[in-house]
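Colleague: Dropping a structure here in structure tokens format, bear with me for questions.
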Amino acid sequence: KLLAGDPLWTDDLVGEKPAGQALLDDPPVRNEAIAIIGNTMFVETELELWSFDPSKPGGKIARIAGAEPSKFIQAGVPCKDTRFLVVRDMTATADGKLVLIDYVGGAIIEITDPAGPNCMSHWVAGTHEKTDDPGNDYPLAHGDQDGPGADALFGGTEPNGAGIHKVAVDPAGNIYTWDEGTGKVKMVGTDEARTVSTIGRIDTGDNVMSLAFLKGKLYATGVDGTNDFFLEIDPDAYDAKNPTANVKEIFRNRGDQFPEVAGSGHPAIPSDLESDGEALIVSSQSQFVWRMSTDGTVLATLAGSVGERGPGRIEYEGDFNPTIPHPADEWQLGFSLSNPDGGPWLALSGSTLFWSGGYATGKHILQFTCK
């Protein structure tokens with residue numbers, strides 16, 4: 001069912017009410033990555049962080065951090081004073097924190113007590129002080145340096161346009177991200193210095209669209225321009241002399257791994273990964289959600305339907321009404337791309353699956369109850 005936003009909204013996504021607005025009010029709050037902690041859903045919009053309680057019909061969504069427009073990045077302050085430049089991903093830790101990747105700001109930021117009265121932001125790695133928007137000279141904290149989080153640099157030595165932009169966490173709270181500029185997979189420890197270390201390397205020609213941690217391994221998925229790919233990275237087996245040796249390619253093909261897309265001639269474009277503790281939940285820009293084993297076998301199609309012209313619609317077909325509930329296998333999951341960098345995004349809470357997406361930029365969130 002439709003939980004928040006307006007999938008039929010066609011105007012600009014401006015004019016929302018930061019102090020709070022009904023979940024289905026127009027204009028909808030722009031939504032990208034989502035995460036859930038307890039009874040609270042968190043939504044990042046690139047520049048802001050919003051929250052609401054999905055268990056309360058008729059509830060409200062309100063801004064808790066960030067502001068748009070933003071001329072600087074700032075953390076280490078109460079959430080209301082926190083500012084982002086361009087957030088590219090977000091996840092929740094087992095102990096109730098949020099982790100955000102600010103791509104332009106060159107920073108990993110944690111939010112503690114995100115649903116409570118003591119909501120605070122904290123610098124973790126990369127940029128560690130209030131800094132103005134660098135304009136075209138992004139990302140901030142540009143370079144290639146491991147070590148204490150305050151000294152870490154991301155993006156490589158080539159100027160402009162590459163940096164960290166995906167995130168996953170393990171049960172112990174270690175943070176994982178991929179540096180597009182260097183191809184290096186990074187881990188940020190939970191020690192006091194929040195030490196950054198390299199744990200693998202992925203070809204920079206691969207567009208990593210999501211990361212997830214499951215049973216001691218890190219998984220990465222995305223597209224290479226032609227094919228979907230799915231990789232397994234063993235953090236404990238990293239060898240600096242052979243940095244790709246611990247990266248195992250599970251599959252690389254043109255949509256053939258996914259039953260509704262196989263044979264269509266198009267990649268599925270797997271876009272977000274979430275772990276349910278035993279397997280991975282995969283969203284796609286071909287408008288399906290699958291449950292997949294770590295060997296790349298699709299175990300079930302959880303949501304989505306094939307259009308009249310095959311997978312991947314450009315608009316809603318027939319008399320489909322996205323504002324009313326439908327069985328999961330009848331849903332037309334948005335249309336066109338949710339975002340050129342990623343999405344649709346997923347979040348899991350027990351047997352409840354949340355989907356965030358839309359046209360061009362996310363503008364609605366769906367809720368599915370799975371058996």
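So you can find residues: chains in the structure tokens are A, B, ... in the order shown, residues in each start at 1, and ligands are numbered from 1 in order.
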Can you tell me which residues surround region 208-212 of chain A at a distance of at most 9 Å, considering only C-alpha atoms, apart from same-chain residues fewer than 2 positions away, and format the answer as JSON, numbers by chain?
Modeller: {"A": [89, 165, 166, 167, 168, 169, 170, 176, 177, 178, 180, 202, 204, 206, 214, 217, 218, 219, 220, 221, 222, 223, 224, 229, 269, 270, 271, 272, 273, 274, 275, 280, 341, 342, 343]}
Colleague: Mind checking which residues fall within 10 Å of Tyr138 (chain A), counting only C-alpha atoms, ignoring those fewer than 4 positions away in the same chain, and posting them as a list in words?
Modeller: Tyr103, Val104, Gly105, Gly106, Asp133, Pro134, His142, Gly155, Pro159, Asn160, Gly161, Ala162 and Gly163 of chain A
Colleague: For C-alpha atoms, I'd like the residues from the last selection saved as a CSV table (one decimal), in the first residue's frame.
Modeller:
```csv
chain,number,residue,atom,x,y,z
A,103,TYR,CA,29.2,12.4,-1.3
A,104,VAL,CA,30.0,16.1,-2.0
A,105,GLY,CA,31.0,16.8,1.6
A,106,GLY,CA,33.4,13.9,1.6
A,133,ASP,CA,30.1,24.0,-0.4
A,134,PRO,CA,33.1,23.4,-2.8
A,142,HIS,CA,39.8,14.7,-1.4
A,155,GLY,CA,38.1,10.2,-3.9
A,159,PRO,CA,40.3,16.2,-9.3
A,160,ASN,CA,36.6,16.4,-9.1
A,161,GLY,CA,33.6,14.1,-9.3
A,162,ALA,CA,34.4,10.9,-7.4
A,163,GLY,CA,34.1,9.9,-3.8
```
Colleague: Residues within 12 Å of Leu299 (chain A), please, as a PyMOL selection string. Count only C-alpha atoms; anything in the same chain fewer than 5 positions from it doesn't count.
Modeller: chain A and resi 257-259+278-282+289-294
Colleague: Could you take the residues named above and write them with all heavy atoms, as an mmCIF file, in the first residue's frame?
Modeller:
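Generated file (out_23.cif):
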```cif
data_model
loop_
_atom_site.group_PDB
_atom_site.id
_atom_site.type_symbol
_atom_site.label_atom_id
_atom_site.label_comp_id
_atom_site.auth_asym_id
_atom_site.auth_seq_id
_atom_site.Cartn_x
_atom_site.Cartn_y
_atom_site.Cartn_z
ATOM 1 N N GLN A 257 19.985 -13.188 -14.578
ATOM 2 C CA GLN A 257 19.858 -13.779 -13.258
ATOM 3 C C GLN A 257 18.423 -13.688 -12.729
ATOM 4 O O GLN A 257 18.041 -14.442 -11.840
ATOM 5 C CB GLN A 257 20.804 -13.057 -12.297
ATOM 6 C CG GLN A 257 21.307 -13.920 -11.155
ATOM 7 C CD GLN A 257 22.292 -14.963 -11.650
ATOM 8 O OE1 GLN A 257 22.907 -14.821 -12.693
ATOM 9 N NE2 GLN A 257 22.441 -16.020 -10.873
ATOM 10 N N PHE A 258 17.648 -12.767 -13.290
ATOM 11 C CA PHE A 258 16.350 -12.437 -12.730
ATOM 12 C C PHE A 258 15.235 -12.887 -13.667
ATOM 13 O O PHE A 258 15.203 -12.478 -14.837
ATOM 14 C CB PHE A 258 16.277 -10.928 -12.465
ATOM 15 C CG PHE A 258 17.379 -10.458 -11.554
ATOM 16 C CD1 PHE A 258 18.535 -9.885 -12.070
ATOM 17 C CD2 PHE A 258 17.274 -10.622 -10.190
ATOM 18 C CE1 PHE A 258 19.560 -9.465 -11.241
ATOM 19 C CE2 PHE A 258 18.305 -10.206 -9.341
ATOM 20 C CZ PHE A 258 19.446 -9.627 -9.868
ATOM 21 N N PRO A 259 14.318 -13.734 -13.208
ATOM 22 C CA PRO A 259 13.385 -14.411 -14.112
ATOM 23 C C PRO A 259 12.521 -13.494 -14.959
ATOM 24 O O PRO A 259 12.273 -13.781 -16.137
ATOM 25 C CB PRO A 259 12.532 -15.273 -13.173
ATOM 26 C CG PRO A 259 12.743 -14.702 -11.805
ATOM 27 C CD PRO A 259 14.122 -14.147 -11.807
ATOM 28 N N GLU A 278 19.345 -14.008 6.555
ATOM 29 C CA GLU A 278 19.594 -15.286 5.897
ATOM 30 C C GLU A 278 19.866 -15.133 4.409
ATOM 31 O O GLU A 278 20.584 -15.927 3.813
ATOM 32 C CB GLU A 278 18.397 -16.228 6.099
ATOM 33 C CG GLU A 278 18.181 -16.624 7.545
ATOM 34 C CD GLU A 278 19.347 -17.437 8.112
ATOM 35 O OE1 GLU A 278 19.982 -18.178 7.342
ATOM 36 O OE2 GLU A 278 19.623 -17.325 9.316
ATOM 37 N N ALA A 279 19.277 -14.124 3.795
ATOM 38 C CA ALA A 279 19.427 -13.875 2.360
ATOM 39 C C ALA A 279 19.391 -12.375 2.132
ATOM 40 O O ALA A 279 19.324 -11.582 3.081
ATOM 41 C CB ALA A 279 18.323 -14.582 1.575
ATOM 42 N N LEU A 280 19.441 -11.986 0.853
ATOM 43 C CA LEU A 280 19.464 -10.573 0.494
ATOM 44 C C LEU A 280 18.171 -10.194 -0.219
ATOM 45 O O LEU A 280 17.641 -10.967 -1.020
ATOM 46 C CB LEU A 280 20.655 -10.280 -0.414
ATOM 47 C CG LEU A 280 22.019 -10.485 0.239
ATOM 48 C CD1 LEU A 280 23.113 -10.543 -0.805
ATOM 49 C CD2 LEU A 280 22.306 -9.386 1.255
ATOM 50 N N ILE A 281 17.676 -9.020 0.081
ATOM 51 C CA ILE A 281 16.523 -8.456 -0.618
ATOM 52 C C ILE A 281 17.072 -7.430 -1.605
ATOM 53 O O ILE A 281 17.867 -6.567 -1.247
ATOM 54 C CB ILE A 281 15.528 -7.794 0.345
ATOM 55 C CG1 ILE A 281 15.212 -8.729 1.506
ATOM 56 C CG2 ILE A 281 14.265 -7.392 -0.400
ATOM 57 C CD1 ILE A 281 14.594 -10.046 1.108
ATOM 58 N N VAL A 282 16.652 -7.531 -2.865
ATOM 59 C CA VAL A 282 17.224 -6.744 -3.955
ATOM 60 C C VAL A 282 16.129 -5.941 -4.640
ATOM 61 O O VAL A 282 15.136 -6.514 -5.112
ATOM 62 C CB VAL A 282 17.899 -7.658 -5.008
ATOM 63 C CG1 VAL A 282 18.656 -6.822 -6.035
ATOM 64 C CG2 VAL A 282 18.805 -8.685 -4.362
ATOM 65 N N VAL A 289 11.250 -6.415 -6.874
ATOM 66 C CA VAL A 289 11.990 -6.692 -5.652
ATOM 67 C C VAL A 289 12.088 -8.202 -5.531
ATOM 68 O O VAL A 289 11.073 -8.908 -5.608
ATOM 69 C CB VAL A 289 11.298 -6.108 -4.407
ATOM 70 C CG1 VAL A 289 12.113 -6.428 -3.160
ATOM 71 C CG2 VAL A 289 11.101 -4.609 -4.547
ATOM 72 N N TRP A 290 13.325 -8.701 -5.357
ATOM 73 C CA TRP A 290 13.558 -10.138 -5.232
ATOM 74 C C TRP A 290 14.225 -10.463 -3.912
ATOM 75 O O TRP A 290 14.905 -9.629 -3.317
ATOM 76 C CB TRP A 290 14.472 -10.632 -6.354
ATOM 77 C CG TRP A 290 13.933 -10.487 -7.742
ATOM 78 C CD1 TRP A 290 12.992 -11.267 -8.354
ATOM 79 C CD2 TRP A 290 14.322 -9.512 -8.721
ATOM 80 N NE1 TRP A 290 12.767 -10.837 -9.641
ATOM 81 C CE2 TRP A 290 13.575 -9.774 -9.899
ATOM 82 C CE3 TRP A 290 15.235 -8.454 -8.726
ATOM 83 C CZ2 TRP A 290 13.708 -9.005 -11.053
ATOM 84 C CZ3 TRP A 290 15.365 -7.684 -9.868
ATOM 85 C CH2 TRP A 290 14.601 -7.959 -11.026
ATOM 86 N N ARG A 291 14.053 -11.709 -3.479
ATOM 87 C CA ARG A 291 14.855 -12.276 -2.395
ATOM 88 C C ARG A 291 15.873 -13.198 -3.046
ATOM 89 O O ARG A 291 15.520 -14.067 -3.845
ATOM 90 C CB ARG A 291 13.992 -13.040 -1.400
ATOM 91 C CG ARG A 291 14.751 -13.497 -0.147
ATOM 92 C CD ARG A 291 13.794 -14.005 0.916
ATOM 93 N NE ARG A 291 14.509 -14.291 2.164
ATOM 94 C CZ ARG A 291 14.870 -15.511 2.559
ATOM 95 N NH1 ARG A 291 14.578 -16.576 1.808
ATOM 96 N NH2 ARG A 291 15.519 -15.687 3.693
ATOM 97 N N MET A 292 17.154 -13.005 -2.731
ATOM 98 C CA MET A 292 18.222 -13.683 -3.449
ATOM 99 C C MET A 292 19.222 -14.273 -2.458
ATOM 100 O O MET A 292 19.583 -13.636 -1.463
ATOM 101 C CB MET A 292 18.927 -12.686 -4.372
ATOM 102 C CG MET A 292 19.990 -13.273 -5.278
ATOM 103 S SD MET A 292 20.642 -12.042 -6.452
ATOM 104 C CE MET A 292 21.636 -11.013 -5.355
ATOM 105 N N SER A 293 19.687 -15.487 -2.732
ATOM 106 C CA SER A 293 20.709 -16.107 -1.898
ATOM 107 C C SER A 293 22.066 -15.485 -2.210
ATOM 108 O O SER A 293 22.243 -14.791 -3.218
ATOM 109 C CB SER A 293 20.753 -17.616 -2.146
ATOM 110 O OG SER A 293 21.212 -17.885 -3.460
ATOM 111 N N THR A 294 23.040 -15.763 -1.362
ATOM 112 C CA THR A 294 24.358 -15.174 -1.563
ATOM 113 C C THR A 294 25.103 -15.791 -2.740
ATOM 114 O O THR A 294 26.146 -15.272 -3.139
ATOM 115 C CB THR A 294 25.216 -15.304 -0.289
ATOM 116 O OG1 THR A 294 25.278 -16.684 0.091
ATOM 117 C CG2 THR A 294 24.611 -14.487 0.842
#
```
Colleague: For a test of reading the model, state the distance in Å between CA of Asp236 (chain A) and CA of Asp276 (chain A), rounded to one decimal.
Modeller: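 Taking CA of Asp236 (chain A) and CA of Asp276 (chain A), their separation equals 22.1 Å.
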Colleague: Mind checking which residues fall within 10 Å of region 11-25 of chain A, counting only C-alpha atoms, ignoring those fewer than 5 positions away in the same chain, and posting them as a PyMOL selection string?
Modeller: chain A and resi 2-6+30+48-54+56-65+67-68+323+361-365
